[in-house]
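Reproduced below: structure.txt, with compact mmCIF, C-alpha atoms.
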# COMPACT_ATOMS: atom_id res chain seq x y z
CA MET A 1 -4.67 -3.57 8.23
CA ALA A 2 -6.46 -0.85 10.11
CA GLU A 3 -10.01 -1.84 10.83
CA GLU A 4 -9.56 -4.61 13.38
CA GLY A 5 -8.72 -4.40 17.05
CA GLU A 6 -10.75 -1.28 17.64
CA SER A 7 -10.75 -1.30 21.44
CA SER A 8 -9.31 2.21 21.55
CA ARG A 9 -12.07 4.80 21.32
CA VAL A 10 -12.16 7.34 18.52
CA ASP A 11 -13.61 9.79 21.03
CA ASP A 12 -10.33 9.61 22.97
CA VAL A 13 -8.64 11.63 20.23
CA THR A 14 -9.39 15.26 20.92
CA GLU A 15 -9.86 17.96 18.32
CA GLU A 16 -6.53 19.38 19.45
CA PHE A 17 -4.81 16.13 18.45
CA ARG A 18 -6.62 16.07 15.11
CA GLN A 19 -5.52 19.58 14.28
CA ALA A 20 -1.93 18.78 15.29
CA TRP A 21 -1.99 15.71 13.06
CA ILE A 22 -3.38 17.69 10.13
CA LYS A 23 -0.65 20.28 10.62
CA GLU A 24 2.02 17.55 10.57
CA GLN A 25 0.53 16.01 7.43
CA LEU A 26 0.57 19.32 5.62
CA GLU A 27 4.16 19.96 6.68
CA LEU A 28 5.27 16.53 5.45
CA LYS A 29 3.35 17.05 2.21
CA GLU A 30 5.59 20.01 1.39
CA LYS A 31 8.48 17.51 1.11
CA LEU A 32 6.51 14.97 -0.91
CA VAL A 33 7.93 13.91 -4.29
CA VAL A 34 5.51 12.27 -6.74
CA GLU A 35 7.90 12.03 -9.67
CA ASP A 36 10.36 9.22 -10.35
CA ASP A 37 13.44 9.58 -8.17
CA LEU A 38 14.38 5.94 -8.47
CA ALA A 39 17.24 4.05 -6.89
CA TRP A 40 17.57 1.55 -9.74
CA LYS A 41 18.26 3.78 -12.73
CA GLU A 42 21.21 1.71 -13.99
CA ASP A 43 19.42 -1.61 -14.69
CA GLY A 44 15.89 -0.25 -15.01
CA ARG A 45 14.27 -2.19 -12.17
CA PRO A 46 14.58 -2.79 -8.42
CA SER A 47 16.42 -5.84 -7.10
CA PHE A 48 14.30 -6.15 -3.95
CA VAL A 49 10.85 -4.90 -2.96
CA GLY A 50 9.64 -4.70 0.62
CA GLY A 51 6.11 -5.22 1.93
CA LEU A 52 4.77 -3.68 5.14
CA ASP A 53 1.59 -4.70 6.93
CA ILE A 54 0.11 -4.94 10.42
CA SER A 55 -2.18 -7.79 11.48
CA PHE A 56 -4.40 -7.56 14.52
CA VAL A 57 -5.40 -9.93 17.29
CA LYS A 58 -9.19 -9.95 17.05
CA ASP A 59 -11.09 -7.75 19.54
CA THR A 60 -7.90 -6.33 21.06
CA THR A 61 -5.40 -3.57 20.40
CA ASP A 62 -2.60 -6.15 20.18
CA ALA A 63 -1.02 -6.52 16.76
CA LEU A 64 1.93 -7.86 14.82
CA ALA A 65 3.88 -5.54 12.53
CA ALA A 66 5.33 -7.39 9.56
CA LEU A 67 8.12 -6.69 7.07
CA VAL A 68 8.78 -9.01 4.13
CA VAL A 69 11.37 -8.54 1.39
CA VAL A 70 10.99 -10.28 -1.96
CA GLU A 71 13.42 -10.63 -4.81
CA TYR A 72 12.26 -8.85 -7.96
CA PRO A 73 10.93 -10.08 -10.32
CA SER A 74 10.80 -13.67 -8.99
CA MET A 75 8.84 -12.65 -5.83
CA LYS A 76 10.87 -15.13 -3.75
CA VAL A 77 10.87 -14.16 -0.06
CA VAL A 78 14.44 -13.44 1.04
CA TYR A 79 13.87 -11.73 4.40
CA GLU A 80 11.09 -11.42 6.97
CA ASP A 81 10.76 -9.88 10.39
CA TYR A 82 7.95 -9.24 12.85
CA GLN A 83 7.35 -7.18 15.96
CA GLN A 84 4.55 -7.53 18.49
CA CYS A 85 2.96 -4.19 19.31
CA THR A 86 -0.01 -2.60 21.02
CA MET A 87 -1.94 0.20 19.38
CA SER A 88 -2.17 3.20 21.66
CA LYS A 89 -4.30 5.21 19.24
CA PRO A 90 -7.62 4.32 17.58
CA TYR A 91 -8.14 3.95 13.86
CA ILE A 92 -9.43 7.23 12.42
CA ASN A 93 -10.00 7.57 8.71
CA GLY A 94 -7.31 9.83 7.24
CA PHE A 95 -4.92 9.44 10.18
CA LEU A 96 -3.76 5.82 9.90
CA ALA A 97 -0.09 6.82 9.85
CA PHE A 98 -0.27 8.21 13.39
CA ARG A 99 -1.41 4.82 14.60
CA GLU A 100 0.91 2.50 12.69
CA VAL A 101 4.06 4.18 11.38
CA GLU A 102 5.80 4.07 14.76
CA HIS A 103 5.56 0.26 14.70
CA LEU A 104 6.88 -0.11 11.15
CA VAL A 105 9.90 2.21 11.34
CA PRO A 106 11.95 0.01 13.75
CA LEU A 107 11.53 -3.00 11.44
CA ILE A 108 12.82 -0.96 8.49
CA HIS A 109 15.83 0.29 10.45
CA LYS A 110 16.59 -3.26 11.63
CA CYS A 111 16.43 -4.61 8.07
CA LYS A 112 18.83 -1.94 6.84
CA ALA A 113 21.30 -2.63 9.65
CA SER A 114 21.16 -6.43 9.69
CA LYS A 115 20.61 -7.33 6.01
CA PRO A 116 21.86 -4.47 3.83
CA GLU A 117 22.43 -6.86 0.92
CA VAL A 118 18.67 -7.39 0.52
CA TYR A 119 17.49 -3.96 1.64
CA PRO A 120 14.64 -2.95 -0.70
CA GLN A 121 14.87 -0.14 -3.22
CA LEU A 122 11.10 0.26 -2.88
CA TRP A 123 8.54 -0.36 -0.14
CA MET A 124 4.90 -1.31 -0.68
CA VAL A 125 2.65 -0.28 2.20
CA ASP A 126 -0.79 -1.67 3.01
CA GLY A 127 -2.63 1.64 2.86
CA ASN A 128 -2.98 4.70 0.69
CA GLY A 129 -0.33 7.09 -0.53
CA THR A 130 -1.54 10.20 -2.33
CA ILE A 131 -5.13 8.92 -2.60
CA HIS A 132 -5.99 10.66 0.64
CA PRO A 133 -8.10 13.67 1.71
CA ARG A 134 -4.95 15.73 2.29
CA GLY A 135 -2.77 13.88 -0.21
CA LEU A 136 -0.61 12.19 2.42
CA GLY A 137 -1.70 8.70 3.43
CA ILE A 138 0.40 6.25 5.42
CA ALA A 139 2.62 5.26 2.45
CA SER A 140 3.46 8.89 1.72
CA HIS A 141 3.89 9.72 5.42
CA LEU A 142 6.34 6.86 5.90
CA GLY A 143 8.21 7.61 2.67
CA VAL A 144 8.75 11.28 3.45
CA LEU A 145 9.67 10.52 7.05
CA LEU A 146 12.41 8.09 6.05
CA GLY A 147 13.28 9.42 2.60
CA GLU A 148 12.37 6.04 1.08
CA ILE A 149 10.64 5.18 -2.19
CA THR A 150 7.16 3.98 -1.22
CA VAL A 151 3.93 2.89 -2.92
CA GLY A 152 0.50 2.74 -1.33
CA VAL A 153 -1.73 -0.27 -2.02
CA ALA A 154 -5.25 -0.18 -0.57
CA LYS A 155 -8.37 -2.30 -0.91
CA LYS A 156 -10.80 0.55 -0.31
CA LEU A 157 -11.00 4.07 -1.68
CA CYS A 158 -10.13 6.80 0.80
CA MET A 159 -12.67 9.48 -0.10
CA VAL A 160 -11.16 12.29 -2.17
CA ASP A 161 -12.76 15.10 -4.17
CA GLY A 162 -14.68 13.85 -7.18
CA TRP A 163 -14.71 10.18 -6.17
CA SER A 164 -17.82 8.67 -4.62
CA HIS A 165 -18.70 5.00 -4.09
CA GLU A 166 -21.03 5.32 -7.07
CA ARG A 167 -18.21 6.49 -9.33
CA VAL A 168 -15.99 3.66 -8.13
CA LYS A 169 -18.73 1.13 -9.00
CA LYS A 170 -19.12 2.68 -12.46
CA GLU A 171 -15.38 2.57 -13.13
CA MET A 172 -15.28 -1.06 -11.99
CA ALA A 173 -18.14 -1.92 -14.35
CA ASP A 174 -16.37 -0.17 -17.22
CA MET A 175 -13.18 -2.13 -16.54
CA GLN A 176 -15.11 -5.41 -16.58
CA GLU A 177 -16.79 -4.39 -19.83
CA GLU A 178 -13.41 -3.90 -21.47
CA ASP A 179 -12.58 -7.49 -20.54
CA LYS A 180 -15.85 -8.89 -21.92
CA ASP A 181 -13.99 -10.87 -24.57
CA GLY A 182 -12.41 -12.92 -21.78
CA GLN A 183 -8.81 -12.04 -22.58
CA LEU A 184 -8.14 -11.94 -18.86
CA ARG A 185 -9.85 -13.77 -16.03
CA ALA A 186 -10.33 -13.10 -12.34
CA GLY A 187 -8.25 -14.56 -9.55
CA ALA A 188 -4.81 -16.10 -9.85
CA SER A 189 -4.97 -16.79 -13.60
CA TYR A 190 -6.00 -13.17 -14.21
CA ALA A 191 -3.08 -11.81 -12.23
CA LEU A 192 -0.59 -14.25 -13.74
CA LYS A 193 -1.61 -13.31 -17.28
CA HIS A 194 -1.70 -9.67 -16.26
CA ARG A 195 1.89 -9.92 -15.02
CA ALA A 196 2.98 -11.43 -18.33
CA LEU A 197 1.55 -8.65 -20.47
CA PRO A 198 4.01 -6.20 -22.03
CA LEU A 199 3.73 -2.71 -20.59
CA HIS A 200 2.09 -1.18 -23.67
CA MET A 201 -0.84 -3.61 -23.33
CA ARG A 202 -1.55 -2.97 -19.65
CA GLU A 203 -3.27 0.40 -19.78
CA PHE A 204 -6.81 -0.98 -20.09
CA LEU A 205 -6.29 -2.77 -16.77
CA PHE A 206 -6.34 0.41 -14.71
CA ARG A 207 -8.30 3.64 -14.32
CA PRO A 208 -6.54 6.82 -13.17
CA VAL A 209 -7.89 8.40 -10.00
CA ASP A 210 -7.95 12.12 -10.68
CA LEU A 211 -9.00 15.22 -8.80
CA PRO A 212 -11.55 17.69 -10.24
CA GLY A 213 -8.75 19.81 -11.74
CA GLY A 214 -7.40 16.80 -13.63
CA LYS A 215 -4.40 15.96 -11.42
CA VAL A 216 -3.90 12.17 -11.27
CA ILE A 217 -3.15 10.91 -7.76
CA GLY A 218 -3.17 7.15 -8.37
CA ALA A 219 -5.17 4.45 -10.08
CA MET A 220 -7.73 1.71 -9.66
CA VAL A 221 -5.87 -1.39 -10.83
CA ARG A 222 -7.77 -4.54 -11.74
CA THR A 223 -5.60 -7.46 -10.69
CA ALA A 224 -8.71 -9.56 -9.92
CA ASP A 225 -12.50 -9.09 -9.95
CA LYS A 226 -12.19 -6.31 -7.40
CA PRO A 227 -9.61 -3.62 -8.18
CA ILE A 228 -7.02 -2.33 -5.76
CA LEU A 229 -6.07 1.31 -5.26
CA VAL A 230 -2.46 2.11 -6.12
CA SER A 231 -0.87 5.49 -5.50
CA PRO A 232 2.57 7.03 -5.13
CA GLY A 233 3.90 7.09 -1.63
CA HIS A 234 7.08 9.08 -2.14
CA ARG A 235 9.77 9.51 -4.84
CA ILE A 236 7.79 7.69 -7.53
CA SER A 237 5.21 8.61 -10.17
CA TRP A 238 1.77 7.07 -10.26
CA LYS A 239 2.45 5.35 -13.59
CA THR A 240 5.65 3.72 -12.35
CA ALA A 241 3.90 2.71 -9.12
CA VAL A 242 1.13 1.01 -11.11
CA SER A 243 3.61 -0.75 -13.39
CA ILE A 244 5.61 -2.20 -10.50
CA VAL A 245 2.53 -3.27 -8.57
CA GLN A 246 1.22 -5.04 -11.67
CA ALA A 247 4.53 -6.87 -12.03
CA CYS A 248 4.35 -8.04 -8.41
CA CYS A 249 0.87 -9.58 -8.59
CA PHE A 250 0.19 -13.30 -8.67
CA PHE A 251 -3.14 -12.64 -6.94
CA ARG A 252 -5.18 -9.52 -6.20
CA ILE A 253 -2.68 -8.11 -3.69
CA PRO A 254 0.98 -7.66 -4.71
CA GLU A 255 3.21 -10.36 -3.25
CA PRO A 256 5.30 -8.20 -0.88
CA ILE A 257 2.19 -7.09 1.04
CA ARG A 258 0.35 -10.38 0.55
CA GLN A 259 3.20 -12.37 2.06
CA ALA A 260 3.54 -9.94 4.98
CA ASP A 261 -0.18 -10.33 5.66
CA LEU A 262 -0.32 -14.13 5.31
CA ARG A 263 2.78 -14.81 7.36
CA SER A 264 1.87 -12.42 10.17
CA ARG A 265 -1.62 -13.93 10.42
CA ASP A 266 -0.10 -17.41 10.63
CA ILE A 267 2.11 -16.26 13.52
CA ILE A 268 -0.87 -14.81 15.35
CA ARG A 269 -2.85 -18.03 14.89
CA ASN A 270 0.06 -20.06 16.26
CA MET A 271 0.42 -17.71 19.23
CA LYS A 272 -3.25 -18.21 20.12
CA SER A 273 -3.17 -22.05 19.79
Serialized structure, structure tokens:
Amino acid sequence: MAEEGESSRVDDVTEEFRQAWIKEQLELKEKLVVEDDLAWKEDGRPSFVGGLDISFVKDTTDALAALVVVEYPSMKVVYEDYQQCTMSKPYINGFLAFREVEHLVPLIHKCKASKPEVYPQLWMVDGNGTIHPRGLGIASHLGVLLGEITVGVAKKLCMVDGWSHERVKKEMADMQEEDKDGQLRAGASYALKHRALPLHMREFLFRPVDLPGGKVIGAMVRTADKPILVSPGHRISWKTAVSIVQACCFFRIPEPIRQADLRSRDIIRNMKS
């Protein structure tokens, strides 16, 4: 999502901008809710889940913001929308929201106005939530900004206290060791079986990501050989976030984000041909 199209220079962002962004993150964090404040309390599950992603045109700052809504739990796509955009800010680790949120918000507003009958009760964002140096990644930033329930899903660990690449590798090895009997397999069959497991049997498929004081801010979730990082964005607990992400996986990446990524990349390929 964030590491392509890096024509903008990191050096162009002054220390003054960085400090202003940090200040805004800390202010938004004061409004962050990481407990379940769910919009589907009556029937116990969401009806629709949204996926948000941005795909880049290689070697440029041009991109395509994507929004896909799937029916839950079937994962059938019921709505999709896209918006061409140009990134005016570079990618800087820890500040992804300041580059991408402005391009996602209009798509969300448009969905709410034009298709309220399929408007999601929860949004999955390609990027971190509370697994973030200041506890407010793009999923949390977007959730607090709009008051929406959001979940962050990332492929790479955003460095936080107590978690090094070495620890991540060890946790991954431990997760694979627990599956040494072959109960679950990698790839699509792994995720499909994973999705079918009852909730009480799913715990061995993730590892909590905790801070040195013991506070859990998310989890490494093994939906394929390589785990993904799942964390609360806003108005949801880490355990509920993990449970819903697990239920949305046919492959490594949950379907709402996976479909947004695949479909936006197809559009970009067609635009270039």
Exercise for review: Enter the distance from CA of Asn270 in chain A to CA of Val68 in chain A, in Å, rounded to one decimal.
Suggested key: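 Between these atoms lies a distance of 18.6 Å.
CA of Ser140 in chain A is positioned 5.3 Å from CA of His234 in chain A.
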Review point. Around (-16.0, -2.5, -16.0) in the file's own coordinates, what residues are found within 12 Å if you use all atoms listed in the file, given back as a ChimeraX atom specification?
Key: /A:167-180,204-207,220-222,224-227
Practice item. Give as a list in words the set of residues within 10 Å of the point (19.1, -6.6, 1.4), where distances use the file's coordinates and all atoms listed in the file. Key: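 Here the neighbourhood of the point contains Ser47, Phe48, Val49, Gly50, Val69, Val70, Glu71, Val78, Tyr79, Cys111, Lys112, Ala113, Ser114, Lys115, Pro116, Glu117, Val118, Tyr119, Pro120 and Gln121 of chain A.
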Check your understanding: Got a sec: who's within 7 Å of Met124 in chain A, counting all atoms listed in the file, leaving out chain neighbours fewer than 6 positions off, as a list in words?
Key -> Gly50, Gly51, Leu52, Thr150, Val151, Gly152, Val153, Pro256 and Ile257 of chain A
Check your understanding: Can you tell me, as a list in words, what residues are no more than 7 Å from Leu38 in chain A when counting all atoms listed in the file, ignoring any on the same chain fewer than 2 positions away?
Key ->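 The neighbour list is Asp36, Trp40, Lys41, Arg235 and Ile236 of chain A.
From CA of Gly147 in chain A back to CA of Asp261 in chain A, the distance works out to 24.1 Å.
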Residues of range 66-160 of chain A within 8 Å of range 238-253 of chain A: nearest atom pair and distance (Å, one decimal) for each, counting only C-alpha atoms, sorted by chain and number, as a Markdown table?
| residue | atom | partner | partner_atom | distance |
| --- | --- | --- | --- | --- |
| A:Tyr72 | CA | A:Cys248 | CA | 8.0 |
| A:Pro73 | CA | A:Cys248 | CA | 7.1 |
| A:Met75 | CA | A:Cys248 | CA | 6.9 |
| A:Val151 | CA | A:Ala241 | CA | 6.2 |
Review point. Neighbours of Ala139 in chain A within 9 Å (only C-alpha atoms; same-chain residues fewer than 3 positions away dropped), as a list in words?
Key: Ala97, Trp123, Met124, Val125, Asp126, Gly127, Asn128, Gly129, Thr130, Leu136, Leu142, Gly143, Val144, Thr150, Val151, Gly152, Val153, Ser231, Pro232, Gly233 and His234 of chain A
So that I can check the surroundings of Cys158 in chain A, please list as a compact mmCIF listing (two decimals) with C-alpha atoms, keeping the file's coordinate frame every protein, DNA and RNA residue that reaches within 8 Å of it, counting only C-alpha atoms and ignoring chain neighbours fewer than 6 positions away.
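Okay, around_19.txt is ready:
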# COMPACT_ATOMS: atom_id res chain seq x y z
CA ASN A 93 -10.00 7.57 8.71
CA GLY A 94 -7.31 9.83 7.24
CA ASN A 128 -2.98 4.70 0.69
CA ILE A 131 -5.13 8.92 -2.60
CA HIS A 132 -5.99 10.66 0.64
CA PRO A 133 -8.10 13.67 1.71
Exercise for review: For each of A:His141, A:Arg134, A:Lys89, A:Lys156, take the minimum atom-to-atom distance to Leu28 in chain A, counting all atoms listed in the file, then give the residue where this is smallest.
Suggested key: A:His141
Exercise for review: Could you give me, as a ChimeraX atom specification, the residues within 12 Å of Gly214 in chain A, counting only C-alpha atoms and dropping anything in the same chain fewer than 4 positions from it?
Suggested key: /A:161-162,208-210,218
Check your understanding: When distances are computed from only C-alpha atoms, which of A:Leu211, A:Ala66, A:Ala219, A:Val57 shows the smallest separation from Arg258 in chain A?
Key ->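 Residue with the minimum atom-to-atom distance to Arg258 in chain A: A:Ala66.
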**Study point:** Among the residues A:Val105, A:Ile149, A:Ile92, A:Leu229, the one that comes closest to Arg18 in chain A [using all atoms listed in the file]
**Key:**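 Ranking A:Val105, A:Ile149, A:Ile92, A:Leu229 by distance to Arg18 in chain A, first place goes to A:Ile92.
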Rebuild all heavy atoms on range 84-95 of chain A, as a short mmCIF file (atom, residue, chain, number, x, y, z; two decimals), in the coordinates of the input?
data_model
loop_
_atom_site.label_atom_id
_atom_site.label_comp_id
_atom_site.auth_asym_id
_atom_site.auth_seq_id
_atom_site.Cartn_x
_atom_site.Cartn_y
_atom_site.Cartn_z
N GLN A 84 5.81 -7.68 17.77
CA GLN A 84 4.55 -7.53 18.49
C GLN A 84 4.41 -6.09 18.95
O GLN A 84 5.39 -5.45 19.35
CB GLN A 84 4.51 -8.47 19.69
CG GLN A 84 4.36 -9.94 19.33
CD GLN A 84 4.27 -10.81 20.56
OE1 GLN A 84 5.25 -11.44 20.97
NE2 GLN A 84 3.10 -10.86 21.16
N CYS A 85 3.19 -5.58 18.90
CA CYS A 85 2.96 -4.19 19.31
C CYS A 85 1.53 -4.03 19.83
O CYS A 85 0.68 -4.88 19.60
CB CYS A 85 3.23 -3.22 18.16
SG CYS A 85 2.34 -3.60 16.64
N THR A 86 1.32 -2.94 20.52
CA THR A 86 -0.01 -2.60 21.02
C THR A 86 -0.36 -1.21 20.51
O THR A 86 0.44 -0.28 20.65
CB THR A 86 -0.05 -2.62 22.56
OG1 THR A 86 0.28 -3.94 23.01
CG2 THR A 86 -1.42 -2.25 23.07
N MET A 87 -1.52 -1.09 19.91
CA MET A 87 -1.94 0.20 19.38
C MET A 87 -2.42 1.12 20.50
O MET A 87 -3.34 0.78 21.22
CB MET A 87 -3.07 -0.01 18.36
CG MET A 87 -2.66 -0.81 17.16
SD MET A 87 -1.42 0.03 16.18
CE MET A 87 -0.61 -1.35 15.38
N SER A 88 -1.79 2.25 20.62
CA SER A 88 -2.17 3.20 21.66
C SER A 88 -3.16 4.24 21.16
O SER A 88 -3.72 5.00 21.94
CB SER A 88 -0.92 3.91 22.20
OG SER A 88 -0.26 4.61 21.15
N LYS A 89 -3.37 4.25 19.83
CA LYS A 89 -4.30 5.21 19.24
C LYS A 89 -5.36 4.45 18.44
O LYS A 89 -5.09 3.39 17.89
CB LYS A 89 -3.55 6.18 18.32
CG LYS A 89 -2.45 6.95 19.01
CD LYS A 89 -1.71 7.85 18.03
CE LYS A 89 -0.54 8.57 18.69
NZ LYS A 89 0.57 7.63 19.01
N PRO A 90 -6.56 4.99 18.35
CA PRO A 90 -7.62 4.32 17.58
C PRO A 90 -7.43 4.53 16.09
O PRO A 90 -6.65 5.40 15.66
CB PRO A 90 -8.90 5.03 18.06
CG PRO A 90 -8.42 6.42 18.39
CD PRO A 90 -7.04 6.24 18.98
N TYR A 91 -8.13 3.72 15.30
CA TYR A 91 -8.14 3.95 13.86
C TYR A 91 -9.10 5.08 13.55
O TYR A 91 -10.28 5.04 13.90
CB TYR A 91 -8.56 2.70 13.09
CG TYR A 91 -8.83 3.01 11.63
CD1 TYR A 91 -7.79 3.35 10.78
CD2 TYR A 91 -10.13 3.01 11.14
CE1 TYR A 91 -8.01 3.66 9.45
CE2 TYR A 91 -10.37 3.32 9.80
CZ TYR A 91 -9.31 3.65 8.97
OH TYR A 91 -9.54 3.97 7.66
N ILE A 92 -8.60 6.11 12.88
CA ILE A 92 -9.43 7.23 12.42
C ILE A 92 -9.13 7.43 10.94
O ILE A 92 -7.96 7.58 10.56
CB ILE A 92 -9.15 8.53 13.20
CG1 ILE A 92 -9.38 8.31 14.70
CG2 ILE A 92 -10.03 9.66 12.69
CD1 ILE A 92 -9.03 9.51 15.54
N ASN A 93 -10.17 7.41 10.14
CA ASN A 93 -10.00 7.57 8.71
C ASN A 93 -9.21 8.85 8.39
O ASN A 93 -9.54 9.93 8.86
CB ASN A 93 -11.37 7.64 8.03
CG ASN A 93 -11.27 7.63 6.52
OD1 ASN A 93 -10.36 7.03 5.95
ND2 ASN A 93 -12.19 8.31 5.87
N GLY A 94 -8.15 8.68 7.60
CA GLY A 94 -7.31 9.83 7.24
C GLY A 94 -6.10 10.03 8.12
O GLY A 94 -5.23 10.85 7.81
N PHE A 95 -6.03 9.26 9.23
CA PHE A 95 -4.92 9.44 10.18
C PHE A 95 -4.25 8.11 10.53
O PHE A 95 -3.66 7.96 11.61
CB PHE A 95 -5.43 10.11 11.46
CG PHE A 95 -6.00 11.48 11.26
CD1 PHE A 95 -7.37 11.67 11.23
CD2 PHE A 95 -5.17 12.59 11.07
CE1 PHE A 95 -7.91 12.94 11.04
CE2 PHE A 95 -5.70 13.85 10.88
CZ PHE A 95 -7.08 14.03 10.85
#
